[in-house]
Amino acid sequence: MAMKSKQSRSIPKSIATHALLFAWAVTTVLPLLWVFINSFKSSNEMLRNSMALPTSLDFKNYATLMSYPDVSLPRSFLNSFIISGSVVLGALLLSGMASFALSRIESKASKYVESLLVACLLAPSFATIIPNFVTVSRLSFMKDTYLTAIVPQISGNLCFTIILLTGFMRSIPYEIDEAAVMDGASAPLLFWQIAVPLSKPMFATVSIMVFIASYNDLLTSMVYLSRQALKPVCVILSMVSNMFGTDYGAMMAAIFITMLPLMLLYTLAQEQVLKGLTAGATKG
Amino acid sequence: MAVKSSRYWLIFISPAMFLIAVFLLWPLAKTVVYSFSEWKNFSITYTFAGLANYKRMAADSVIRIALKNSGILIIFALIFQVGFSLLLAILVDSVNHLFKFYRTVYFFPIVISGTAIGLMFALAYKYEYGLLNFFLTLFGQEKRVWITPKTSIFLALIPVVWQYVGFYFVIFLTGLSKIPADVYEAAMLDGVTPIQKAIKITIPMLRDTLVSCTVLVVSGCFRVFDTVFIITKGGPLDSSQFLSTYMYKMAFENFNGGYASAIAMLMIFIGVFITVCLRKALKAQ
């Protein structure tokens, strides 16, 4: 961006521009700040002035969350990381393999598979949720395990991740494979020694995309997981208003603490997150 | 390609295709079957019911409300997520300072779940502790109840629209960075104003991005769920129902799988129609 010559502007114009840009920035930061400061307040203090800074740094609301008997927040966090972590690993492995087949093994069927995957992108998760609910609740080895959320979520992500990874793997020069085959390498070796290591940037993008989508996915985890103890944070968050009644301080704390992992991820790997979430958005 | 082994092709592609077949293709076929069936309470058996579910849908006033709500959402989404985002992107692209700051802050809401955002806004609309009533009392006004059948749809769509402005902003910003600088330099020699520059150069150069974003925005309006579900659950009195929330209600609260599947079919049909037709129409211009 620095390369582009900027138009020299008059100072009032520039101030007006920044004022507008800054105003929008306030709308994105203010609600979050409001949640954060109120998570340290008691309901009474919030009622007096919900915009004021808390009078003391009181972690009582967070303690309430930790000690809640039916659904403990630490447990639901653990659930979230087990579910979303497995979804990421599963999606990476399966889509990595499929993309390798589509991009680097010659087959006439590849182009039909790819058209099918593109068509599948049009199916919203609502179109599959009822039959999938029936499937996961009738398969005895899946019933009441994390698998009921993990397997459908992996499947739901596959079409998109395969399309992204296939595109990327096509950009790796085929001469590398040819040289390796001359030396006697087989397909699994090409996959593991060439395609996977050279596609690392795209694997990273895909991981972030899948992790965030899975961590935030309310619908599938709400429907497929029936046991309270297995539910991830976003489902817990949706029930929090019933659980805490009018304890708004605890609700504020719950919102803030569930956002925290993704906020950290965004702060630490901003470019990767930007890429992961906008990947493929403008394709075609 | 160096490898021409159909055996390895199958080995590598089968696991993924197996899951896609079981959890995507088979369920899609099942949804079609269910939509023509009388099927309640997730029972083992269901009976063929012809077009009964579709006839019911045609007469259902809540479906009309849901479609109208989607229409309202589309209008606001187009104004803010396409129009306003583009304006923000053009302005940020033109300023010399704080470029990264704006990008970081604007994109930020996308990372947060619709659930958390929904709860955040639900709290802001609350009577006693709400952010909105706080501002009302600050200016000496009476507190009020915000979510009513008349206002619910607008209050539910504010966070939906607000959250994704930053997403399209980043896509437009990327598009802008690909416009070669010499195009602008030539225009500046001719002495064009910034507004002329935006209309005559920037927008035509961003055509493809604009088409993709418009299709994404419109089809996205039929997929909203989390935020609306958390804030209003489609209520009060179904006033803020969308096809997604109504389908959820039919399937998992009223346990009418047949009717819910018919609603899902409507959602698929609208999604395909919009993606295919809108894209063609916009491209053809």
# chains A, B, ... in the order shown; residues from 1 in each chain; ligands from 1
call {"tool": "residues_around", "arguments": {"residues": "Lys111 (chain A)", "least_positions_apart": "3", "cutoff": "12 Å", "atoms": "only C-alpha atoms", "output": "count of residues only"}}
result
15
call {"tool": "interface_residues", "arguments": {"of": "chain B", "to": "chain A", "cutoff": "6 Å", "atoms": "only C-alpha atoms", "output": "PyMOL selection string"}}
result
chain B and resi 2-4+9+12-13+16+19-20+27-28+113+116+129+181+212+264
call {"tool": "atom_distance", "arguments": {"atom1": "CA of Trp39 (chain B)", "atom2": "CA of Ile150 (chain A)"}}
result
27.0 Å
call {"tool": "select_by_dssp", "arguments": {"residues": "region 15-263 of chain B", "states": "alpha helix (DSSP H)", "output": "PyMOL selection string"}}
result
chain B and resi 15-20+26-35+52-59+61-77+85-94+99-111+114-124+131-138+152-177+181-189+194-197+203-205+207-220+226-231+243-252+257-263
call {"tool": "closest_residue", "arguments": {"among": "B:Ile231, B:Met1, B:Val95, B:Leu243", "to": "Ile263 (chain B)", "atoms": "only C-alpha atoms"}}
result
B:Leu243
call {"tool": "atom_distance", "arguments": {"atom1": "CA of Pro12 (chain A)", "atom2": "CA of Met188 (chain B)"}}
result
20.3 Å
call {"tool": "residues_around", "arguments": {"residues": "Phe81 (chain A)", "least_positions_apart": "5", "cutoff": "9 Å", "atoms": "only C-alpha atoms", "output": "JSON, numbers by chain"}}
result
{"A": [76, 86, 215, 232]}
call {"tool": "residues_around", "arguments": {"residues": "region 250-259 of chain B", "least_positions_apart": "3", "cutoff": "9 Å", "atoms": "only C-alpha atoms", "output": "count of residues only"}}
result
25
call {"tool": "atom_distance", "arguments": {"atom1": "CA of Ile199 (chain B)", "atom2": "CA of Leu216 (chain B)"}}
result
22.3 Å
call {"tool": "closest_residue", "arguments": {"among": "B:Phe23, B:Tyr106, B:Ile153, B:Phe134", "to": "Thr148 (chain A)", "atoms": "only C-alpha atoms"}}
result
B:Phe23
